[in-house]
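Remarks on the structure that follows.
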Amino acid sequence: MEINILTFGQITDITGKTSFIYSDINNTDSLIKELTKAFPELTSIKYSVAVNQQLVHVNTVLNDKDIVALLPPFSGG
Amino acid sequence: MEINILTFGQITDITGKTSFIYSDINNTDSLIKELTKAFPELTSIKYSVAVNQQLVHVNTVLNDKDIVALLPPFSGG
Amino acid sequence: MEKKKIKKVFVEGAISPEFVGESIAKHSTKKDIGAHSIFLGQVRNDVIDGKEVKAIDYTSYLEMAVEKFEEIREDTFGKFDLTCMHIYHSHGCVNTGEISLFVFTSSKHRSLAIEACTYIVNRIKSEVPVWGKEIFEDDSFQWKINN
Amino acid sequence: MEKKKIKKVFVEGAISPEFVGESIAKHSTKKDIGAHSIFLGQVRNDVIDGKEVKAIDYTSYLEMAVEKFEEIREDTFGKFDLTCMHIYHSHGCVNTGEISLFVFTSSKHRSLAIEACTYIVNRIKSEVPVWGKEIFEDDSFQWKINN
């Protein structure tokens with residue numbers, strides 16, 4: 001099972017890459033925990049999580065090939 | 001003593017001219033009375049009165065050379 | 001007493017889209033602007049009793065209108081922290097599909113520009129002595145009513 | 001399932017004032033329009049810790065942004081009786097004084113066009129995954145924050 005992670009804006013400044021893959025992660029809470037272990041600076045920043053382009057606000061089950069995006073505060077316009 | 005009357009929009013359609021002069025009229029109420037006598041159709045239309053470009057809402061004393069404008073509802077824009 | 005510089009508001013006939021574009025372009029040097037709000041009034045082909053409006057002929061009580069526009073300008077600058085404000089209104093004949101009113105406000109932040117623009121448009125519609133005569137295809141007419 | 005036609009929102013670099021003028025001109029054939037409301041976002045030369053912003057570099061989560069713009073379009077048409085709606089947002093680098101957002105609504109009457117335009121701008125600012133990187137004169141940067 002593969003989960004695709006996408007990062008944007010200042011999150012990419014922290015992770016150093018715009019996309020990468022995690023295996024064997026079953027839900028968003030576990031994913032965030034793993035990411036925070038890998039990139040401790042993530043705790044210093046506010047961001048939202050989208051699964052397959054939908055914002056999720058609670059722990060969400062992840063399936064193979066799901067796309068999880070880490071979205072810092074929007075600043076378009 | 002001369003009072004200059006200016007008319008606009010549908011008021012001009014009634015009076016047939018855009019400006020004319022009245023003599024020996026001392027206040028706006030008397031003026032309106034005279035105008036209504038001359039142009040009875042004026043009673044069928046809503047309009048405001050401006051003395052020297054200022055809207056007046058109560059009977060107002062008129063002086064020589066004052067300009068009184070009869071203003072139908074505005075429809076700019 | 002110093003004579004105030006009165007901004008020219010009335011333009012003869014329709015306001016062209018190119019003029020709007022050029023007005024916008026002039027603001028690229030004002031780099032503290034973050035937001036522009038623009039309102040354009042366009043002449044509608046309303047159908048009344050089966051007859052279609054083909055144009056509006058605008059007249060005004062010019063001296064009073066100029067004074068009123070100036071008062072609206074000053075009040076708006078007093079109420080809203082704007083960088084720029086421009087108002088143009090047609091005089092004379094404007095065909096359907098053409099633009100007769102152009103209000104343009106600019107400020108650092110969007111809410112001020114938007115609120116000021118709306119404020120100006122509402123005041124123009126209710127306070128400036130301008131009259132629109134709706135001309136039908138058969139050259140009959142009726143006086144426009146603002147709502 | 002029919003594939004929806006997605007309107008193209010993103011433009012590469014700045015939105016030119018001429019483009020805005022041309023967009024307005026295209027509406028002269030829609031003679032039931034009485035009011036246009038336009039919002040333009042312009043890049044400001046904010047000074048932060050003594051350094052001046054010279055440009056904003058916009059990036060997005062493109063697939064989600066396109067979907068979000070489409071959702072905003074549909075919601076706006078559902079809420080407001082509009083004749084037309086156009087949204088353009090810059091992608092990539094936009095210099096100070098240049099335009100990065102162009103929202104354009106048209107309707108029979110002014111209040112609908114104005115309210116819809118403001119509604120769209122507010123939703124874009126808060127809901128569309130776009131990020132602005134403010135580039136300073138010395139090529140250092142900071143991420144823009146919307147208020």
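Just so we're on the same page: first chain in the structure tokens is A, next is B, and so on; residues restart at 1 for each chain, and ligands are numbered from 1 in the order they show up.
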Counting only C-alpha atoms, which residues in chain D sit no more than 7 Å from chain C? For each one, give the nearest pair of atoms and the distance in Å, sorted by chain then residue number, as a tab-separated table.
```
residue	atom	partner	partner_atom	distance
D:Pro17	CA	C:Gly21	CA	5.0
D:Glu18	CA	C:Gly21	CA	5.3
D:Val20	CA	C:Gly21	CA	6.1
D:Gly21	CA	C:Gly21	CA	4.3
D:Glu22	CA	C:Pro17	CA	6.9
D:Ile24	CA	C:Pro17	CA	5.8
D:Ala25	CA	C:Pro17	CA	5.4
D:Ser28	CA	C:Gly97	CA	4.2
D:Thr29	CA	C:Gly97	CA	5.9
D:Lys30	CA	C:Gly97	CA	6.4
D:Lys31	CA	C:Gly97	CA	4.8
D:Asp32	CA	C:Arg44	CA	5.1
D:Ile33	CA	C:Arg44	CA	5.8
D:Gly34	CA	C:Gln42	CA	4.7
D:Ala35	CA	C:Gly41	CA	4.7
D:His36	CA	C:Leu40	CA	5.0
D:Ser37	CA	C:Phe39	CA	4.8
D:Ile38	CA	C:Ile38	CA	4.9
D:Phe39	CA	C:Ser37	CA	4.8
D:Leu40	CA	C:His36	CA	4.9
D:Gly41	CA	C:Ala35	CA	4.7
D:Gln42	CA	C:Gly34	CA	4.7
D:Val43	CA	C:Gly34	CA	5.8
D:Arg44	CA	C:Asp32	CA	5.1
D:Asn45	CA	C:Lys31	CA	5.5
D:Thr96	CA	C:Lys31	CA	6.0
D:Gly97	CA	C:Ser28	CA	4.2
D:Glu98	CA	C:Ser28	CA	5.9
```
Sorted by chain and rising residue number, list the residues of chain C at most 8 Å from chain B (counting only C-alpha atoms), each with its closest atom pair and distance in Å to one decimal, as a Markdown table.
```
| residue | atom | partner | partner_atom | distance |
| --- | --- | --- | --- | --- |
| C:Gly41 | CA | B:Gly77 | CA | 6.0 |
| C:Tyr58 | CA | B:Gly76 | CA | 7.4 |
| C:Thr59 | CA | B:Gly9 | CA | 7.6 |
| C:Ser60 | CA | B:Phe8 | CA | 7.6 |
| C:Tyr61 | CA | B:Phe8 | CA | 7.3 |
| C:Glu63 | CA | B:Gln53 | CA | 7.6 |
| C:Met64 | CA | B:Gln53 | CA | 5.2 |
| C:His89 | CA | B:Gly77 | CA | 7.0 |
| C:Ser100 | CA | B:Gly77 | CA | 6.4 |
| C:Leu101 | CA | B:Gly77 | CA | 5.3 |
| C:Val121 | CA | B:Gly77 | CA | 7.8 |
| C:Ile124 | CA | B:Gly77 | CA | 7.1 |
| C:Lys125 | CA | B:Gly76 | CA | 5.6 |
| C:Ser126 | CA | B:Phe74 | CA | 6.4 |
| C:Glu127 | CA | B:Phe74 | CA | 7.1 |
| C:Val128 | CA | B:Phe74 | CA | 6.7 |
| C:Pro129 | CA | B:Phe74 | CA | 5.5 |
| C:Val130 | CA | B:Gly76 | CA | 4.8 |
| C:Trp131 | CA | B:Ser75 | CA | 4.7 |
| C:Gly132 | CA | B:Ser75 | CA | 5.6 |
| C:Lys133 | CA | B:Gly9 | CA | 7.8 |
| C:Trp143 | CA | B:Gln10 | CA | 6.9 |
| C:Lys144 | CA | B:Ser75 | CA | 5.9 |
| C:Ile145 | CA | B:Ser75 | CA | 5.6 |
| C:Asn146 | CA | B:Ser75 | CA | 5.0 |
```
How about saving the chosen residues, C-alpha atoms kept, as a short mmCIF file (atom, residue, chain, number, x, y, z; two decimals), in the first residue's frame?
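Output (again29.cif):
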```
data_model
loop_
_atom_site.label_atom_id
_atom_site.label_comp_id
_atom_site.auth_asym_id
_atom_site.auth_seq_id
_atom_site.Cartn_x
_atom_site.Cartn_y
_atom_site.Cartn_z
CA GLY C 41 -23.25 50.79 -15.24
CA TYR C 58 -28.56 61.65 -20.00
CA THR C 59 -29.07 65.25 -18.94
CA SER C 60 -28.11 66.92 -15.69
CA TYR C 61 -28.34 70.03 -13.59
CA GLU C 63 -23.57 72.99 -11.69
CA MET C 64 -25.35 71.12 -8.90
CA HIS C 89 -20.63 59.56 -15.78
CA SER C 100 -22.62 55.11 -18.73
CA LEU C 101 -21.09 55.02 -15.24
CA VAL C 121 -22.46 54.21 -6.53
CA ILE C 124 -24.62 58.85 -7.12
CA LYS C 125 -27.85 57.01 -7.87
CA SER C 126 -29.79 58.76 -5.11
CA GLU C 127 -28.21 62.22 -4.84
CA VAL C 128 -26.80 63.45 -8.13
CA PRO C 129 -29.20 65.46 -10.32
CA VAL C 130 -28.89 63.40 -13.49
CA TRP C 131 -31.82 62.14 -15.53
CA GLY C 132 -31.92 59.31 -18.01
CA LYS C 133 -34.44 59.40 -20.84
CA TRP C 143 -37.99 58.79 -18.08
CA LYS C 144 -35.86 56.20 -16.34
CA ILE C 145 -36.63 55.38 -12.70
CA ASN C 146 -33.83 54.32 -10.34
#
```
Chain D: which residues are alpha helix (DSSP H) by DSSP, as a PyMOL selection string? chain D and resi 17-25+62-79+110-127
Give me the residues within 12 Å of Asn4 of chain B as a compact mmCIF listing (two decimals) with N, CA, C and O atoms, in the first residue's frame, counting only C-alpha atoms and dropping any in the same chain fewer than 4 places off.
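File result-v6.txt, as written:
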```txt
# COMPACT_ATOMS: atom_id res chain seq x y z
N THR B 18 -36.88 75.18 -20.30
CA THR B 18 -35.92 74.77 -19.28
C THR B 18 -35.63 75.89 -18.28
O THR B 18 -35.11 75.63 -17.20
N SER B 19 -35.95 77.14 -18.64
CA SER B 19 -35.75 78.20 -17.66
C SER B 19 -36.67 79.38 -17.94
O SER B 19 -37.03 79.64 -19.09
N PHE B 20 -37.11 80.00 -16.88
CA PHE B 20 -37.92 81.21 -17.02
C PHE B 20 -37.80 82.01 -15.73
O PHE B 20 -37.20 81.57 -14.76
N ILE B 21 -38.39 83.20 -15.73
CA ILE B 21 -38.20 84.13 -14.60
C ILE B 21 -39.55 84.49 -13.99
O ILE B 21 -40.53 84.73 -14.71
N TYR B 22 -39.60 84.50 -12.65
CA TYR B 22 -40.78 85.00 -11.93
C TYR B 22 -40.36 86.23 -11.16
O TYR B 22 -39.24 86.31 -10.66
N SER B 23 -41.29 87.17 -11.02
CA SER B 23 -41.00 88.36 -10.24
C SER B 23 -41.91 88.37 -9.01
O SER B 23 -42.96 87.73 -8.99
N ASP B 24 -41.49 89.12 -8.00
CA ASP B 24 -42.33 89.34 -6.82
C ASP B 24 -42.87 88.06 -6.19
O ASP B 24 -44.06 87.91 -5.91
N ILE B 25 -41.95 87.12 -5.99
CA ILE B 25 -42.28 85.89 -5.25
C ILE B 25 -41.30 85.85 -4.08
O ILE B 25 -40.09 86.00 -4.27
N THR B 28 -40.51 79.84 -1.37
CA THR B 28 -40.70 78.69 -2.26
C THR B 28 -42.15 78.20 -2.27
O THR B 28 -42.64 77.79 -3.32
N LEU B 31 -44.00 80.28 -4.65
CA LEU B 31 -43.55 79.97 -6.02
C LEU B 31 -44.23 78.69 -6.53
O LEU B 31 -44.74 78.65 -7.66
N ALA B 50 -34.61 72.84 -5.33
CA ALA B 50 -33.29 73.30 -4.87
C ALA B 50 -33.23 74.81 -5.03
O ALA B 50 -33.66 75.35 -6.05
N VAL B 51 -32.74 75.50 -4.00
CA VAL B 51 -32.51 76.94 -4.10
C VAL B 51 -30.99 77.14 -4.13
O VAL B 51 -30.29 76.71 -3.22
N ASN B 52 -30.53 77.75 -5.18
CA ASN B 52 -29.09 77.94 -5.38
C ASN B 52 -28.32 76.63 -5.16
O ASN B 52 -27.33 76.57 -4.44
N LEU B 62 -37.00 83.62 -0.54
CA LEU B 62 -36.28 83.82 -1.80
C LEU B 62 -35.82 85.26 -1.92
O LEU B 62 -36.55 86.19 -1.54
N ASN B 63 -34.62 85.43 -2.43
CA ASN B 63 -34.06 86.76 -2.63
C ASN B 63 -33.83 87.02 -4.11
O ASN B 63 -33.79 86.07 -4.91
N ASP B 64 -33.63 88.27 -4.45
CA ASP B 64 -33.41 88.64 -5.84
C ASP B 64 -32.26 87.81 -6.43
O ASP B 64 -31.24 87.59 -5.78
N LYS B 65 -32.49 87.34 -7.64
CA LYS B 65 -31.49 86.56 -8.40
C LYS B 65 -31.31 85.12 -7.90
O LYS B 65 -30.41 84.41 -8.38
N ASP B 66 -32.10 84.71 -6.95
CA ASP B 66 -32.02 83.31 -6.52
C ASP B 66 -32.38 82.39 -7.69
O ASP B 66 -33.20 82.76 -8.54
N ILE B 67 -31.76 81.22 -7.68
CA ILE B 67 -32.06 80.23 -8.71
C ILE B 67 -32.82 79.08 -8.05
O ILE B 67 -32.31 78.44 -7.13
N VAL B 68 -34.03 78.84 -8.53
CA VAL B 68 -34.83 77.74 -7.98
C VAL B 68 -34.94 76.65 -9.05
O VAL B 68 -35.36 76.92 -10.17
N ALA B 69 -34.52 75.44 -8.69
CA ALA B 69 -34.57 74.34 -9.66
C ALA B 69 -35.63 73.33 -9.22
O ALA B 69 -35.73 72.98 -8.05
N LEU B 70 -36.41 72.86 -10.19
CA LEU B 70 -37.41 71.83 -9.94
C LEU B 70 -36.84 70.51 -10.45
O LEU B 70 -36.59 70.34 -11.64
```
DSSP on the backbone, then: every residue of chain B marked strand (DSSP E or B), written as a PDB file with N, CA, C and O atoms, in the first residue's frame.
```
ATOM      1  N   GLU B   2     -36.155  89.397  -9.126  1.00  0.00           N
ATOM      2  CA  GLU B   2     -36.306  88.322 -10.107  1.00  0.00           C
ATOM      3  C   GLU B   2     -35.837  86.978  -9.551  1.00  0.00           C
ATOM      4  O   GLU B   2     -34.762  86.896  -8.970  1.00  0.00           O
ATOM      5  N   ILE B   3     -36.661  85.955  -9.765  1.00  0.00           N
ATOM      6  CA  ILE B   3     -36.288  84.598  -9.373  1.00  0.00           C
ATOM      7  C   ILE B   3     -36.162  83.770 -10.652  1.00  0.00           C
ATOM      8  O   ILE B   3     -37.076  83.761 -11.481  1.00  0.00           O
ATOM      9  N   ASN B   4     -35.027  83.109 -10.804  1.00  0.00           N
ATOM     10  CA  ASN B   4     -34.807  82.268 -11.985  1.00  0.00           C
ATOM     11  C   ASN B   4     -35.254  80.845 -11.694  1.00  0.00           C
ATOM     12  O   ASN B   4     -34.817  80.248 -10.709  1.00  0.00           O
ATOM     13  N   ILE B   5     -36.117  80.336 -12.567  1.00  0.00           N
ATOM     14  CA  ILE B   5     -36.606  78.967 -12.396  1.00  0.00           C
ATOM     15  C   ILE B   5     -35.928  78.077 -13.429  1.00  0.00           C
ATOM     16  O   ILE B   5     -35.881  78.424 -14.613  1.00  0.00           O
ATOM     17  N   LEU B   6     -35.409  76.950 -12.973  1.00  0.00           N
ATOM     18  CA  LEU B   6     -34.838  75.958 -13.894  1.00  0.00           C
ATOM     19  C   LEU B   6     -35.648  74.670 -13.789  1.00  0.00           C
ATOM     20  O   LEU B   6     -36.023  74.266 -12.691  1.00  0.00           O
ATOM     21  N   THR B   7     -35.899  74.041 -14.925  1.00  0.00           N
ATOM     22  CA  THR B   7     -36.626  72.765 -14.899  1.00  0.00           C
ATOM     23  C   THR B   7     -35.792  71.682 -15.591  1.00  0.00           C
ATOM     24  O   THR B   7     -34.937  71.982 -16.430  1.00  0.00           O
ATOM     25  N   SER B  19     -35.953  77.139 -18.642  1.00  0.00           N
ATOM     26  CA  SER B  19     -35.748  78.203 -17.660  1.00  0.00           C
ATOM     27  C   SER B  19     -36.674  79.378 -17.942  1.00  0.00           C
ATOM     28  O   SER B  19     -37.026  79.641 -19.092  1.00  0.00           O
ATOM     29  N   PHE B  20     -37.105  79.998 -16.876  1.00  0.00           N
ATOM     30  CA  PHE B  20     -37.915  81.208 -17.017  1.00  0.00           C
ATOM     31  C   PHE B  20     -37.804  82.014 -15.731  1.00  0.00           C
ATOM     32  O   PHE B  20     -37.195  81.573 -14.755  1.00  0.00           O
ATOM     33  N   ILE B  21     -38.394  83.205 -15.728  1.00  0.00           N
ATOM     34  CA  ILE B  21     -38.205  84.127 -14.602  1.00  0.00           C
ATOM     35  C   ILE B  21     -39.553  84.494 -13.987  1.00  0.00           C
ATOM     36  O   ILE B  21     -40.528  84.729 -14.712  1.00  0.00           O
ATOM     37  N   TYR B  22     -39.600  84.502 -12.651  1.00  0.00           N
ATOM     38  CA  TYR B  22     -40.777  84.996 -11.934  1.00  0.00           C
ATOM     39  C   TYR B  22     -40.364  86.234 -11.156  1.00  0.00           C
ATOM     40  O   TYR B  22     -39.236  86.312 -10.657  1.00  0.00           O
ATOM     41  N   SER B  23     -41.292  87.166 -11.023  1.00  0.00           N
ATOM     42  CA  SER B  23     -41.002  88.363 -10.238  1.00  0.00           C
ATOM     43  C   SER B  23     -41.908  88.369  -9.011  1.00  0.00           C
ATOM     44  O   SER B  23     -42.958  87.727  -8.991  1.00  0.00           O
ATOM     45  N   ASN B  27     -41.138  83.447  -1.390  1.00  0.00           N
ATOM     46  CA  ASN B  27     -40.688  82.189  -0.788  1.00  0.00           C
ATOM     47  C   ASN B  27     -41.095  81.012  -1.679  1.00  0.00           C
ATOM     48  O   ASN B  27     -41.889  81.170  -2.616  1.00  0.00           O
ATOM     49  N   SER B  48     -38.314  67.482  -6.294  1.00  0.00           N
ATOM     50  CA  SER B  48     -37.670  68.217  -5.207  1.00  0.00           C
ATOM     51  C   SER B  48     -37.386  69.632  -5.682  1.00  0.00           C
ATOM     52  O   SER B  48     -37.408  69.918  -6.881  1.00  0.00           O
ATOM     53  N   VAL B  49     -37.112  70.493  -4.691  1.00  0.00           N
ATOM     54  CA  VAL B  49     -36.821  71.897  -5.010  1.00  0.00           C
ATOM     55  C   VAL B  49     -35.432  72.223  -4.469  1.00  0.00           C
ATOM     56  O   VAL B  49     -35.102  71.890  -3.321  1.00  0.00           O
ATOM     57  N   ALA B  50     -34.608  72.843  -5.326  1.00  0.00           N
ATOM     58  CA  ALA B  50     -33.290  73.299  -4.870  1.00  0.00           C
ATOM     59  C   ALA B  50     -33.234  74.811  -5.034  1.00  0.00           C
ATOM     60  O   ALA B  50     -33.660  75.355  -6.054  1.00  0.00           O
ATOM     61  N   VAL B  51     -32.744  75.498  -4.002  1.00  0.00           N
ATOM     62  CA  VAL B  51     -32.509  76.940  -4.097  1.00  0.00           C
ATOM     63  C   VAL B  51     -30.995  77.143  -4.128  1.00  0.00           C
ATOM     64  O   VAL B  51     -30.288  76.708  -3.220  1.00  0.00           O
ATOM     65  N   GLN B  54     -28.988  74.022  -3.503  1.00  0.00           N
ATOM     66  CA  GLN B  54     -29.161  73.280  -2.259  1.00  0.00           C
ATOM     67  C   GLN B  54     -30.611  72.818  -2.171  1.00  0.00           C
ATOM     68  O   GLN B  54     -31.519  73.650  -2.301  1.00  0.00           O
ATOM     69  N   LEU B  55     -30.816  71.524  -1.917  1.00  0.00           N
ATOM     70  CA  LEU B  55     -32.181  71.034  -1.743  1.00  0.00           C
ATOM     71  C   LEU B  55     -32.813  71.722  -0.542  1.00  0.00           C
ATOM     72  O   LEU B  55     -32.167  71.893   0.493  1.00  0.00           O
ATOM     73  N   VAL B  56     -34.086  72.116  -0.678  1.00  0.00           N
ATOM     74  CA  VAL B  56     -34.799  72.677   0.482  1.00  0.00           C
ATOM     75  C   VAL B  56     -36.024  71.807   0.751  1.00  0.00           C
ATOM     76  O   VAL B  56     -36.661  71.306  -0.171  1.00  0.00           O
ATOM     77  N   VAL B  61     -37.233  81.362   2.211  1.00  0.00           N
ATOM     78  CA  VAL B  61     -37.294  82.748   1.715  1.00  0.00           C
ATOM     79  C   VAL B  61     -36.465  82.879   0.442  1.00  0.00           C
ATOM     80  O   VAL B  61     -35.372  82.322   0.343  1.00  0.00           O
ATOM     81  N   ILE B  67     -31.762  81.224  -7.680  1.00  0.00           N
ATOM     82  CA  ILE B  67     -32.065  80.227  -8.706  1.00  0.00           C
ATOM     83  C   ILE B  67     -32.820  79.077  -8.052  1.00  0.00           C
ATOM     84  O   ILE B  67     -32.314  78.442  -7.126  1.00  0.00           O
ATOM     85  N   VAL B  68     -34.028  78.841  -8.526  1.00  0.00           N
ATOM     86  CA  VAL B  68     -34.831  77.744  -7.980  1.00  0.00           C
ATOM     87  C   VAL B  68     -34.938  76.650  -9.054  1.00  0.00           C
ATOM     88  O   VAL B  68     -35.365  76.920 -10.174  1.00  0.00           O
ATOM     89  N   ALA B  69     -34.523  75.436  -8.690  1.00  0.00           N
ATOM     90  CA  ALA B  69     -34.568  74.335  -9.661  1.00  0.00           C
ATOM     91  C   ALA B  69     -35.629  73.328  -9.223  1.00  0.00           C
ATOM     92  O   ALA B  69     -35.734  72.979  -8.051  1.00  0.00           O
ATOM     93  N   LEU B  70     -36.405  72.861 -10.194  1.00  0.00           N
ATOM     94  CA  LEU B  70     -37.415  71.826  -9.940  1.00  0.00           C
ATOM     95  C   LEU B  70     -36.838  70.508 -10.446  1.00  0.00           C
ATOM     96  O   LEU B  70     -36.595  70.341 -11.640  1.00  0.00           O
ATOM     97  N   LEU B  71     -36.644  69.563  -9.517  1.00  0.00           N
ATOM     98  CA  LEU B  71     -35.872  68.358  -9.845  1.00  0.00           C
ATOM     99  C   LEU B  71     -36.724  67.103  -9.706  1.00  0.00           C
ATOM    100  O   LEU B  71     -37.040  66.668  -8.598  1.00  0.00           O
TER     101      LEU B  71
END
```
